[in-house]
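Shown here: protein_4.cif, mmCIF, C-alpha atoms and all ligand atoms.
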data_coords
#
loop_
_atom_site.group_PDB
_atom_site.id
_atom_site.type_symbol
_atom_site.label_atom_id
_atom_site.label_comp_id
_atom_site.auth_asym_id
_atom_site.auth_seq_id
_atom_site.Cartn_x
_atom_site.Cartn_y
_atom_site.Cartn_z
ATOM 1 C CA MET A 1 14.859 -1.228 -1.243
ATOM 2 C CA SER A 2 14.500 -2.580 2.284
ATOM 3 C CA LEU A 3 11.930 -5.295 1.615
ATOM 4 C CA ILE A 4 12.704 -8.911 2.409
ATOM 5 C CA THR A 5 10.538 -11.097 0.199
ATOM 6 C CA SER A 6 10.008 -14.834 0.029
ATOM 7 C CA ASN A 7 7.553 -16.934 -1.954
ATOM 8 C CA LEU A 8 4.918 -18.883 -0.018
ATOM 9 C CA THR A 9 4.139 -21.484 -2.701
ATOM 10 C CA PRO A 10 5.485 -21.947 -6.242
ATOM 11 C CA ASN A 11 2.444 -20.363 -7.946
ATOM 12 C CA ILE A 12 0.935 -17.889 -5.502
ATOM 13 C CA GLY A 13 1.781 -15.810 -2.471
ATOM 14 C CA ALA A 14 4.723 -13.851 -1.150
ATOM 15 C CA GLU A 15 5.664 -12.845 2.342
ATOM 16 C CA ILE A 16 7.198 -9.427 2.828
ATOM 17 C CA LYS A 17 9.119 -8.304 5.876
ATOM 18 C CA ALA A 18 9.576 -4.564 6.111
ATOM 19 C CA ASP A 19 9.685 -1.923 8.790
ATOM 20 C CA LEU A 20 6.614 0.195 9.369
ATOM 21 C CA ASN A 21 8.273 3.448 8.304
ATOM 22 C CA THR A 22 9.093 1.992 4.915
ATOM 23 C CA LEU A 23 5.530 0.796 4.438
ATOM 24 C CA LEU A 24 3.815 3.941 5.650
ATOM 25 C CA GLY A 25 6.249 6.268 3.910
ATOM 26 C CA GLY A 26 5.309 4.801 0.544
ATOM 27 C CA THR A 27 8.902 4.391 -0.628
ATOM 28 C CA ALA A 28 8.318 0.703 -1.337
ATOM 29 C CA ALA A 29 4.834 1.118 -2.819
ATOM 30 C CA ALA A 30 5.829 0.549 -6.459
ATOM 31 C CA GLU A 31 7.767 -2.566 -5.515
ATOM 32 C CA ILE A 32 4.858 -3.894 -3.447
ATOM 33 C CA ARG A 33 2.441 -3.275 -6.331
ATOM 34 C CA ASP A 34 4.767 -5.190 -8.612
ATOM 35 C CA ILE A 35 5.012 -8.130 -6.203
ATOM 36 C CA LEU A 36 1.228 -8.081 -5.820
ATOM 37 C CA GLU A 37 0.725 -8.365 -9.559
ATOM 38 C CA GLN A 38 3.260 -11.193 -9.884
ATOM 39 C CA ARG A 39 2.401 -13.174 -6.736
ATOM 40 C CA CYS A 40 -1.327 -12.265 -6.284
ATOM 41 C CA VAL A 41 -1.186 -12.386 -2.469
ATOM 42 C CA ILE A 42 1.163 -10.655 -0.045
ATOM 43 C CA VAL A 43 1.403 -11.557 3.632
ATOM 44 C CA PHE A 44 2.828 -9.227 6.275
ATOM 45 C CA ARG A 45 2.971 -11.280 9.458
ATOM 46 C CA GLU A 46 2.018 -9.729 12.790
ATOM 47 C CA LEU A 47 2.309 -6.187 11.511
ATOM 48 C CA GLY A 48 -0.291 -5.037 14.064
ATOM 49 C CA LEU A 49 -1.435 -1.963 12.156
ATOM 50 C CA SER A 50 -3.906 0.437 13.757
ATOM 51 C CA ASP A 51 -6.886 1.426 11.582
ATOM 52 C CA GLU A 52 -5.224 4.749 10.777
ATOM 53 C CA GLN A 53 -2.010 2.989 9.757
ATOM 54 C CA GLN A 54 -3.901 0.484 7.599
ATOM 55 C CA LEU A 55 -5.662 3.329 5.789
ATOM 56 C CA ALA A 56 -2.406 5.235 5.373
ATOM 57 C CA PHE A 57 -0.601 2.152 4.022
ATOM 58 C CA THR A 58 -3.504 1.407 1.636
ATOM 59 C CA ALA A 59 -3.308 4.968 0.315
ATOM 60 C CA THR A 60 0.362 4.503 -0.614
ATOM 61 C CA LEU A 61 -0.684 1.734 -3.030
ATOM 62 C CA GLY A 62 -3.502 3.428 -4.942
ATOM 63 C CA GLU A 63 -6.869 5.071 -4.582
ATOM 64 C CA VAL A 64 -8.640 4.014 -1.388
ATOM 65 C CA ILE A 65 -12.346 3.148 -1.524
ATOM 66 C CA LEU A 66 -13.810 4.415 1.711
ATOM 67 C CA GLU A 67 -16.348 2.014 3.208
ATOM 68 C CA GLY A 68 -17.483 1.194 6.723
ATOM 69 C CA ASP A 69 -16.604 3.490 9.611
ATOM 70 C CA GLU A 70 -14.154 6.100 8.346
ATOM 71 C CA GLY A 71 -12.800 3.803 5.694
ATOM 72 C CA ILE A 72 -12.473 0.612 7.718
ATOM 73 C CA TYR A 73 -14.974 -2.150 6.921
ATOM 74 C CA LYS A 74 -15.499 -4.763 9.621
ATOM 75 C CA VAL A 75 -15.575 -8.265 8.149
ATOM 76 C CA THR A 76 -17.409 -10.185 10.820
ATOM 77 C CA LEU A 77 -20.525 -12.314 11.163
ATOM 78 C CA ASP A 78 -21.459 -10.481 14.356
ATOM 79 C CA VAL A 79 -24.588 -8.455 13.490
ATOM 80 C CA ASN A 80 -23.873 -6.102 16.395
ATOM 81 C CA GLU A 81 -20.653 -5.091 14.654
ATOM 82 C CA ASN A 82 -21.857 -5.185 11.045
ATOM 83 C CA ALA A 83 -25.518 -4.827 10.079
ATOM 84 C CA HIS A 84 -24.766 -6.595 6.769
ATOM 85 C CA ALA A 85 -23.176 -9.614 8.434
ATOM 86 C CA ASP A 86 -25.643 -11.976 6.749
ATOM 87 C CA TYR A 87 -24.316 -11.038 3.300
ATOM 88 C CA LEU A 88 -20.801 -11.795 4.463
ATOM 89 C CA LYS A 89 -21.668 -15.465 4.814
ATOM 90 C CA GLY A 90 -21.148 -15.466 1.047
ATOM 91 C CA ALA A 91 -17.418 -15.214 1.829
ATOM 92 C CA PHE A 92 -17.415 -18.976 2.545
ATOM 93 C CA TYR A 93 -17.596 -19.646 -1.212
ATOM 94 C CA TRP A 94 -14.988 -18.896 -3.865
ATOM 95 C CA HIS A 95 -15.577 -15.437 -5.266
ATOM 96 C CA ILE A 96 -14.096 -12.375 -6.905
ATOM 97 C CA ASP A 97 -15.199 -9.035 -5.427
ATOM 98 C CA GLY A 98 -17.120 -6.673 -7.682
ATOM 99 C CA THR A 99 -18.240 -8.977 -10.489
ATOM 100 C CA THR A 100 -21.464 -6.992 -10.715
ATOM 101 C CA LEU A 101 -19.448 -3.854 -11.511
ATOM 102 C CA THR A 102 -17.775 -2.836 -14.773
ATOM 103 C CA VAL A 103 -14.537 -2.076 -12.984
ATOM 104 C CA PRO A 104 -13.883 -4.458 -10.070
ATOM 105 C CA ILE A 105 -11.759 -3.387 -7.136
ATOM 106 C CA LEU A 106 -8.027 -3.790 -7.612
ATOM 107 C CA ALA A 107 -7.198 -5.228 -4.223
ATOM 108 C CA SER A 108 -8.289 -5.755 -0.646
ATOM 109 C CA LEU A 109 -6.178 -5.460 2.496
ATOM 110 C CA LEU A 110 -7.394 -7.556 5.417
ATOM 111 C CA SER A 111 -5.987 -7.429 8.926
ATOM 112 C CA ALA A 112 -6.811 -9.856 11.714
ATOM 113 C CA TRP A 113 -8.133 -8.423 14.983
ATOM 114 C CA LYS A 114 -9.887 -11.413 16.534
ATOM 115 C CA LEU A 115 -9.729 -15.007 15.356
ATOM 116 C CA SER A 116 -12.102 -17.890 15.611
ATOM 117 C CA GLU A 117 -10.859 -20.703 17.860
ATOM 118 C CA THR A 118 -11.513 -23.076 14.964
ATOM 119 C CA GLY A 119 -11.444 -22.584 11.193
ATOM 120 C CA GLY A 120 -11.478 -19.144 9.607
ATOM 121 C CA ASP A 121 -8.407 -19.458 7.374
ATOM 122 C CA THR A 122 -8.581 -17.574 4.080
ATOM 123 C CA GLU A 123 -7.800 -19.280 0.769
ATOM 124 C CA PHE A 124 -6.719 -17.593 -2.438
ATOM 125 C CA ALA A 125 -6.611 -19.147 -5.915
ATOM 126 C CA ASN A 126 -4.435 -17.731 -8.691
ATOM 127 C CA THR A 127 -6.736 -17.351 -11.704
ATOM 128 C CA TYR A 128 -3.823 -16.294 -13.971
ATOM 129 C CA ALA A 129 -1.965 -19.530 -13.286
ATOM 130 C CA ALA A 130 -5.169 -21.542 -13.684
ATOM 131 C CA TYR A 131 -5.736 -20.008 -17.112
ATOM 132 C CA ASP A 132 -2.115 -20.457 -18.191
ATOM 133 C CA ALA A 133 -2.203 -24.167 -17.324
ATOM 134 C CA LEU A 134 -5.265 -24.904 -19.486
ATOM 135 C CA PRO A 135 -4.742 -26.953 -22.644
ATOM 136 C CA GLU A 136 -4.461 -24.695 -25.716
ATOM 137 C CA THR A 137 -7.660 -26.140 -27.220
ATOM 138 C CA ASP A 138 -9.620 -25.162 -24.093
ATOM 139 C CA LYS A 139 -8.108 -21.668 -24.120
ATOM 140 C CA GLU A 140 -9.337 -21.279 -27.675
ATOM 141 C CA ALA A 141 -12.799 -22.669 -26.848
ATOM 142 C CA TYR A 142 -13.221 -20.397 -23.818
ATOM 143 C CA SER A 143 -11.901 -17.236 -25.431
ATOM 144 C CA LYS A 144 -15.292 -16.048 -26.647
ATOM 145 C CA LEU A 145 -17.534 -17.274 -23.809
ATOM 146 C CA LYS A 146 -19.455 -14.798 -21.718
ATOM 147 C CA VAL A 147 -20.744 -15.497 -18.214
ATOM 148 C CA VAL A 148 -23.672 -13.817 -16.485
ATOM 149 C CA HIS A 149 -22.837 -12.926 -12.867
ATOM 150 C CA SER A 150 -25.327 -11.955 -10.186
ATOM 151 C CA LEU A 151 -25.490 -11.279 -6.467
ATOM 152 C CA GLU A 152 -28.564 -13.509 -6.448
ATOM 153 C CA ASN A 153 -26.497 -16.489 -7.572
ATOM 154 C CA ALA A 154 -23.946 -15.906 -4.807
ATOM 155 C CA GLN A 155 -26.548 -15.405 -2.100
ATOM 156 C CA GLN A 156 -28.395 -18.583 -3.106
ATOM 157 C CA TYR A 157 -25.393 -20.491 -1.689
ATOM 158 C CA VAL A 158 -26.070 -18.920 1.715
ATOM 159 C CA GLN A 159 -29.843 -18.724 1.672
ATOM 160 C CA PRO A 160 -31.312 -21.320 -0.711
ATOM 161 C CA GLU A 161 -34.884 -20.514 0.386
ATOM 162 C CA PRO A 162 -35.016 -16.717 0.475
ATOM 163 C CA SER A 163 -38.147 -14.782 1.294
ATOM 164 C CA TYR A 164 -39.613 -12.923 -1.661
ATOM 165 C CA ALA A 165 -38.369 -9.664 -0.105
ATOM 166 C CA GLU A 166 -34.826 -11.070 0.166
ATOM 167 C CA LEU A 167 -34.897 -12.179 -3.455
ATOM 168 C CA GLN A 168 -36.051 -8.731 -4.549
ATOM 169 C CA ALA A 169 -33.277 -7.133 -2.454
ATOM 170 C CA TRP A 170 -30.594 -9.296 -4.138
ATOM 171 C CA ARG A 171 -31.980 -8.325 -7.519
ATOM 172 C CA GLN A 172 -31.414 -4.644 -6.767
ATOM 173 C CA ALA A 173 -27.801 -5.322 -7.735
ATOM 174 C CA PRO A 174 -27.819 -5.603 -11.537
ATOM 175 C CA SER A 175 -26.465 -8.769 -13.100
ATOM 176 C CA ASN A 176 -23.381 -8.368 -15.254
ATOM 177 C CA THR A 177 -22.196 -10.212 -18.348
ATOM 178 C CA LEU A 178 -18.438 -10.731 -18.265
ATOM 179 C CA PRO A 179 -15.900 -12.542 -20.412
ATOM 180 C CA LEU A 180 -14.880 -15.927 -19.014
ATOM 181 C CA VAL A 181 -11.305 -15.024 -19.917
ATOM 182 C CA TRP A 182 -10.116 -11.593 -18.851
ATOM 183 C CA ASN A 183 -7.579 -10.083 -21.254
ATOM 184 C CA HIS A 184 -5.674 -7.726 -18.999
ATOM 185 C CA LYS A 185 -3.926 -4.571 -20.221
ATOM 186 C CA SER A 186 -0.667 -6.229 -19.185
ATOM 187 C CA GLY A 187 -1.233 -8.917 -21.815
ATOM 188 C CA ARG A 188 -1.832 -11.596 -19.175
ATOM 189 C CA LYS A 189 -5.083 -13.566 -19.042
ATOM 190 C CA SER A 190 -7.091 -14.842 -16.099
ATOM 191 C CA LEU A 191 -10.324 -16.752 -15.529
ATOM 192 C CA VAL A 192 -13.340 -14.862 -14.203
ATOM 193 C CA LEU A 193 -15.294 -17.346 -12.059
ATOM 194 C CA GLY A 194 -16.753 -17.592 -8.568
ATOM 195 C CA SER A 195 -20.064 -17.839 -6.765
ATOM 196 C CA THR A 196 -21.628 -14.949 -8.696
ATOM 197 C CA ALA A 197 -21.178 -16.875 -11.987
ATOM 198 C CA ALA A 198 -24.744 -17.950 -12.812
ATOM 199 C CA TYR A 199 -24.729 -19.245 -16.379
ATOM 200 C CA ILE A 200 -22.947 -19.019 -19.714
ATOM 201 C CA GLU A 201 -24.624 -16.839 -22.296
ATOM 202 C CA GLY A 202 -25.858 -18.707 -25.361
ATOM 203 C CA MET A 203 -25.016 -22.139 -23.924
ATOM 204 C CA GLU A 204 -27.605 -24.670 -22.777
ATOM 205 C CA TYR A 205 -28.112 -23.914 -19.062
ATOM 206 C CA GLN A 206 -27.056 -27.277 -17.597
ATOM 207 C CA GLU A 207 -24.057 -27.523 -19.916
ATOM 208 C CA GLY A 208 -22.945 -24.022 -18.909
ATOM 209 C CA ARG A 209 -23.390 -24.778 -15.188
ATOM 210 C CA ALA A 210 -21.325 -27.941 -15.608
ATOM 211 C CA LEU A 211 -18.524 -25.997 -17.312
ATOM 212 C CA LEU A 212 -18.508 -23.352 -14.566
ATOM 213 C CA CYS A 213 -18.308 -26.108 -11.948
ATOM 214 C CA LYS A 214 -15.497 -27.860 -13.817
ATOM 215 C CA LEU A 215 -13.515 -24.623 -14.165
ATOM 216 C CA ARG A 216 -13.939 -23.704 -10.500
ATOM 217 C CA GLU A 217 -12.630 -27.130 -9.597
ATOM 218 C CA TRP A 218 -9.739 -26.640 -12.031
ATOM 219 C CA ALA A 219 -8.828 -23.166 -10.778
ATOM 220 C CA THR A 220 -8.881 -24.146 -7.104
ATOM 221 C CA GLN A 221 -6.555 -27.162 -7.344
ATOM 222 C CA PRO A 222 -3.880 -27.150 -4.616
ATOM 223 C CA GLN A 223 -1.118 -25.988 -6.991
ATOM 224 C CA PHE A 224 -2.973 -22.711 -7.612
ATOM 225 C CA VAL A 225 -4.017 -22.065 -3.994
ATOM 226 C CA TYR A 226 -2.451 -20.365 -0.984
ATOM 227 C CA ARG A 227 -4.203 -20.902 2.367
ATOM 228 C CA HIS A 228 -3.487 -18.301 5.021
ATOM 229 C CA LYS A 229 -3.611 -19.337 8.660
ATOM 230 C CA TRP A 230 -4.056 -16.103 10.537
ATOM 231 C CA THR A 231 -2.312 -14.742 13.576
ATOM 232 C CA VAL A 232 -3.736 -11.599 15.174
ATOM 233 C CA GLY A 233 -2.011 -8.592 13.605
ATOM 234 C CA ASP A 234 -1.379 -10.223 10.214
ATOM 235 C CA LEU A 235 -2.123 -8.101 7.162
ATOM 236 C CA VAL A 236 -2.834 -9.811 3.852
ATOM 237 C CA ILE A 237 -3.268 -8.054 0.507
ATOM 238 C CA TRP A 238 -4.704 -9.818 -2.502
ATOM 239 C CA ASP A 239 -4.991 -8.814 -6.119
ATOM 240 C CA ASN A 240 -8.704 -9.159 -6.740
ATOM 241 C CA THR A 241 -8.156 -9.055 -10.506
ATOM 242 C CA GLY A 242 -6.095 -12.245 -10.593
ATOM 243 C CA THR A 243 -7.521 -14.315 -7.744
ATOM 244 C CA MET A 244 -10.628 -15.829 -6.229
ATOM 245 C CA HIS A 245 -10.806 -16.076 -2.459
ATOM 246 C CA ARG A 246 -12.929 -17.595 0.299
ATOM 247 C CA ALA A 247 -12.953 -17.943 4.059
ATOM 248 C CA THR A 248 -12.882 -21.505 5.350
ATOM 249 C CA SER A 249 -15.758 -22.322 7.641
ATOM 250 C CA TYR A 250 -15.812 -21.057 11.242
ATOM 251 C CA PRO A 251 -18.555 -20.859 13.890
ATOM 252 C CA LEU A 252 -20.982 -18.020 13.191
ATOM 253 C CA ASP A 253 -20.770 -16.846 16.804
ATOM 254 C CA SER A 254 -16.961 -16.969 17.019
ATOM 255 C CA GLY A 255 -16.545 -13.185 17.082
ATOM 256 C CA ARG A 256 -13.915 -13.417 14.308
ATOM 257 C CA MET A 257 -13.102 -9.847 13.340
ATOM 258 C CA MET A 258 -11.084 -8.657 10.370
ATOM 259 C CA HIS A 259 -10.623 -5.040 9.250
ATOM 260 C CA ARG A 260 -10.667 -4.424 5.509
ATOM 261 C CA THR A 261 -9.587 -1.591 3.266
ATOM 262 C CA LYS A 262 -9.913 -1.599 -0.508
ATOM 263 C CA LEU A 263 -8.114 -0.181 -3.511
ATOM 264 C CA ALA A 264 -10.225 1.150 -6.375
ATOM 265 C CA GLY A 265 -10.094 -0.774 -9.629
ATOM 266 C CA GLU A 266 -7.979 0.467 -12.474
ATOM 267 C CA GLU A 267 -9.113 -1.855 -15.265
ATOM 268 C CA SER A 268 -12.505 -3.034 -16.519
ATOM 269 C CA PHE A 269 -13.234 -6.721 -17.166
ATOM 270 C CA ALA A 270 -13.696 -6.128 -20.862
HETATM 271 C C1 LIG A 301 -13.698 -11.700 2.110
HETATM 272 O O1 LIG A 301 -14.246 -12.536 1.407
HETATM 273 O O2 LIG A 301 -13.508 -10.551 1.709
HETATM 274 C C2 LIG A 301 -13.281 -12.041 3.533
HETATM 275 C C3 LIG A 301 -12.459 -13.272 3.637
HETATM 276 C C4 LIG A 301 -12.294 -13.691 5.078
HETATM 277 O O3 LIG A 301 -13.078 -13.277 5.939
HETATM 278 O O4 LIG A 301 -11.386 -14.490 5.359
#

Represent the structure contained in this file as structure tokens.
Ligand code: SIN
Amino acid sequence: MSLITSNLTPNIGAEIKADLNTLLGGTAAAEIRDILEQRCVIVFRELGLSDEQQLAFTATLGEVILEGDEGIYKVTLDVNENAHADYLKGAFYWHIDGTTLTVPILASLLSAWKLSETGGDTEFANTYAAYDALPETDKEAYSKLKVVHSLENAQQYVQPEPSYAELQAWRQAPSNTLPLVWNHKSGRKSLVLGSTAAYIEGMEYQEGRALLCKLREWATQPQFVYRHKWTVGDLVIWDNTGTMHRATSYPLDSGRMMHRTKLAGEESFA
């Protein structure tokens, strides 16, 4: 196959160089999916895809979830471009997409259209590698723990003093109880953490919060993290089932604009 691949860090991230015809024709799709599962994040530098090309490329990799205008969702804090921009401030905190769903999305594809003059990198943490590196006694202790996730918990990071109406709106999204350790069909295991993780079921609240904090700190150590510094035209894909991600801070009025497409999930958390 005509892909040129190199690893970005020992534990996470690969860069792929390929010509557009190969990517859009789908002939490398199986190989790309394989690299995505093994490396969690794939970077295509300065690919410069149009929206139509990004959608077409996404469709070669799986089932596209259509969102936003004709399938392209604008990730921006500019309310003139995205009416839900306020919610997107949650992206500044480590998270997994879709933790309030039974089947989370498989992957997101993000392309850079306009960058902030400062900040606005995106970080990804490999939650497979973080699990694998745990001491065996911890793996055993965590194997049966269940964590309650909610949109409310994530939004509290952004808006610690919500209006009553805002609180009620967050609670429209049902909370979800998920295993702390995800046993994937592949046989691999990953940690399910992030800003939606509110408390551990059956554990004293403060003790559970402390464990969630400790595990987030563990999973986001430098050896598990890839930080992408964007150039306009870059396309980055991440495996949402084996990573957490966050945007590093940037000015709210920077006009930073990313276009996102998503692949439907293929595996439930259970
Ligand atoms: C996201 O959390 O999906 C967006 C990340 C970013 O804007 O860098």

Residues matched by the PyMOL selection byres (((not hetatm)) within 8 of (chain A and resi 301)) as a PyMOL selection string: chain A and resi 75-76+88+90-92+95+97+108+110+120-123+245-248+258+260

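Remark: for Thr231 (chain A), the closest of the candidate residues A:Leu61, A:Val181, A:Ala112, A:Val103 is A:Ala112 (distances computed over only C-alpha atoms).
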
Close residues, Ser195 (chain A) itself excluded, 6 Å, only C-alpha atoms, min 2 positions apart in chain, as a list in words: Trp94, His95, Ala154 and Ala197 of chain A

Using the selection just defined, write its residues with C-alpha atoms as a short mmCIF file (atom, residue, chain, number, x, y, z; two decimals), keeping the file's coordinate frame.
data_model
loop_
_atom_site.label_atom_id
_atom_site.label_comp_id
_atom_site.auth_asym_id
_atom_site.auth_seq_id
_atom_site.Cartn_x
_atom_site.Cartn_y
_atom_site.Cartn_z
CA TRP A 94 -14.99 -18.90 -3.86
CA HIS A 95 -15.58 -15.44 -5.27
CA ALA A 154 -23.95 -15.91 -4.81
CA ALA A 197 -21.18 -16.88 -11.99
#

To verify the selection step, state as a tab-separated table (two decimals) with C-alpha atoms, in the coordinates of the input which residues the PyMOL selection byres (((chain A and resi 114) around 8) and not hetatm) yields on this input.
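Result file follows (expr.tsv):
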chain	number	residue	atom	x	y	z
A	112	ALA	CA	-6.81	-9.86	11.71
A	113	TRP	CA	-8.13	-8.42	14.98
A	115	LEU	CA	-9.73	-15.01	15.36
A	116	SER	CA	-12.10	-17.89	15.61
A	232	VAL	CA	-3.74	-11.60	15.17
A	255	GLY	CA	-16.55	-13.18	17.08
A	256	ARG	CA	-13.92	-13.42	14.31
A	257	MET	CA	-13.10	-9.85	13.34
A	258	MET	CA	-11.08	-8.66	10.37

Picked residues, the PyMOL selection byres (((chain A and resi 210-224) around 10) and not hetatm), expected as an MDAnalysis selection string: chainID A and resid 9:13 94:95 123:131 133:134 147 180 191:195 197:200 205:209 225:227 243:245

Hey, could you patch up region 111-134 of chain A with N, CA and C atoms and hand it over as a PDB file, in the frame of the given file?
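To be explicit, this is the file written out as out24.pdb:
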ATOM      1  N   SER A 111      -6.832  -7.211   7.745  1.00  0.00           N
ATOM      2  CA  SER A 111      -5.987  -7.429   8.926  1.00  0.00           C
ATOM      3  C   SER A 111      -6.806  -8.154   9.986  1.00  0.00           C
ATOM      4  N   ALA A 112      -6.136  -8.994  10.736  1.00  0.00           N
ATOM      5  CA  ALA A 112      -6.811  -9.856  11.714  1.00  0.00           C
ATOM      6  C   ALA A 112      -6.797  -9.204  13.089  1.00  0.00           C
ATOM      7  N   TRP A 113      -7.999  -9.015  13.654  1.00  0.00           N
ATOM      8  CA  TRP A 113      -8.133  -8.423  14.983  1.00  0.00           C
ATOM      9  C   TRP A 113      -8.571  -9.465  16.011  1.00  0.00           C
ATOM     10  N   LYS A 114      -9.480 -10.318  15.619  1.00  0.00           N
ATOM     11  CA  LYS A 114      -9.887 -11.413  16.534  1.00  0.00           C
ATOM     12  C   LYS A 114     -10.132 -12.651  15.682  1.00  0.00           C
ATOM     13  N   LEU A 115      -9.612 -13.780  16.144  1.00  0.00           N
ATOM     14  CA  LEU A 115      -9.729 -15.007  15.356  1.00  0.00           C
ATOM     15  C   LEU A 115     -10.750 -15.944  15.979  1.00  0.00           C
ATOM     16  N   SER A 116     -11.245 -16.822  15.127  1.00  0.00           N
ATOM     17  CA  SER A 116     -12.102 -17.890  15.611  1.00  0.00           C
ATOM     18  C   SER A 116     -11.195 -18.962  16.241  1.00  0.00           C
ATOM     19  N   GLU A 117     -11.689 -19.636  17.265  1.00  0.00           N
ATOM     20  CA  GLU A 117     -10.859 -20.703  17.860  1.00  0.00           C
ATOM     21  C   GLU A 117     -10.676 -21.857  16.894  1.00  0.00           C
ATOM     22  N   THR A 118     -11.650 -22.015  15.981  1.00  0.00           N
ATOM     23  CA  THR A 118     -11.513 -23.076  14.964  1.00  0.00           C
ATOM     24  C   THR A 118     -11.825 -22.480  13.594  1.00  0.00           C
ATOM     25  N   GLY A 119     -11.170 -23.000  12.574  1.00  0.00           N
ATOM     26  CA  GLY A 119     -11.444 -22.584  11.193  1.00  0.00           C
ATOM     27  C   GLY A 119     -11.062 -21.139  10.943  1.00  0.00           C
ATOM     28  N   GLY A 120     -11.672 -20.560   9.879  1.00  0.00           N
ATOM     29  CA  GLY A 120     -11.478 -19.144   9.607  1.00  0.00           C
ATOM     30  C   GLY A 120     -10.170 -18.805   8.911  1.00  0.00           C
ATOM     31  N   ASP A 121      -9.537 -19.797   8.251  1.00  0.00           N
ATOM     32  CA  ASP A 121      -8.407 -19.458   7.374  1.00  0.00           C
ATOM     33  C   ASP A 121      -8.975 -18.751   6.134  1.00  0.00           C
ATOM     34  N   THR A 122      -8.114 -18.140   5.352  1.00  0.00           N
ATOM     35  CA  THR A 122      -8.581 -17.574   4.080  1.00  0.00           C
ATOM     36  C   THR A 122      -7.756 -18.201   2.961  1.00  0.00           C
ATOM     37  N   GLU A 123      -8.465 -18.644   1.910  1.00  0.00           N
ATOM     38  CA  GLU A 123      -7.800 -19.280   0.769  1.00  0.00           C
ATOM     39  C   GLU A 123      -7.876 -18.362  -0.440  1.00  0.00           C
ATOM     40  N   PHE A 124      -6.820 -18.400  -1.226  1.00  0.00           N
ATOM     41  CA  PHE A 124      -6.719 -17.593  -2.438  1.00  0.00           C
ATOM     42  C   PHE A 124      -6.300 -18.501  -3.594  1.00  0.00           C
ATOM     43  N   ALA A 125      -6.954 -18.337  -4.733  1.00  0.00           N
ATOM     44  CA  ALA A 125      -6.611 -19.147  -5.915  1.00  0.00           C
ATOM     45  C   ALA A 125      -6.142 -18.214  -7.030  1.00  0.00           C
ATOM     46  N   ASN A 126      -5.027 -18.557  -7.638  1.00  0.00           N
ATOM     47  CA  ASN A 126      -4.435 -17.731  -8.691  1.00  0.00           C
ATOM     48  C   ASN A 126      -5.126 -18.036 -10.028  1.00  0.00           C
ATOM     49  N   THR A 127      -5.954 -17.108 -10.483  1.00  0.00           N
ATOM     50  CA  THR A 127      -6.736 -17.351 -11.704  1.00  0.00           C
ATOM     51  C   THR A 127      -5.930 -17.060 -12.977  1.00  0.00           C
ATOM     52  N   TYR A 128      -4.769 -16.417 -12.836  1.00  0.00           N
ATOM     53  CA  TYR A 128      -3.823 -16.294 -13.971  1.00  0.00           C
ATOM     54  C   TYR A 128      -3.179 -17.660 -14.219  1.00  0.00           C
ATOM     55  N   ALA A 129      -2.666 -18.244 -13.147  1.00  0.00           N
ATOM     56  CA  ALA A 129      -1.965 -19.530 -13.286  1.00  0.00           C
ATOM     57  C   ALA A 129      -2.929 -20.608 -13.765  1.00  0.00           C
ATOM     58  N   ALA A 130      -4.172 -20.544 -13.271  1.00  0.00           N
ATOM     59  CA  ALA A 130      -5.169 -21.542 -13.684  1.00  0.00           C
ATOM     60  C   ALA A 130      -5.452 -21.424 -15.174  1.00  0.00           C
ATOM     61  N   TYR A 131      -5.530 -20.183 -15.662  1.00  0.00           N
ATOM     62  CA  TYR A 131      -5.736 -20.008 -17.112  1.00  0.00           C
ATOM     63  C   TYR A 131      -4.513 -20.518 -17.879  1.00  0.00           C
ATOM     64  N   ASP A 132      -3.346 -20.103 -17.462  1.00  0.00           N
ATOM     65  CA  ASP A 132      -2.115 -20.457 -18.191  1.00  0.00           C
ATOM     66  C   ASP A 132      -1.951 -21.970 -18.337  1.00  0.00           C
ATOM     67  N   ALA A 133      -2.412 -22.707 -17.321  1.00  0.00           N
ATOM     68  CA  ALA A 133      -2.203 -24.167 -17.324  1.00  0.00           C
ATOM     69  C   ALA A 133      -3.250 -24.925 -18.147  1.00  0.00           C
ATOM     70  N   LEU A 134      -4.245 -24.219 -18.669  1.00  0.00           N
ATOM     71  CA  LEU A 134      -5.265 -24.904 -19.486  1.00  0.00           C
ATOM     72  C   LEU A 134      -4.659 -25.413 -20.783  1.00  0.00           C
TER      73      LEU A 134
END
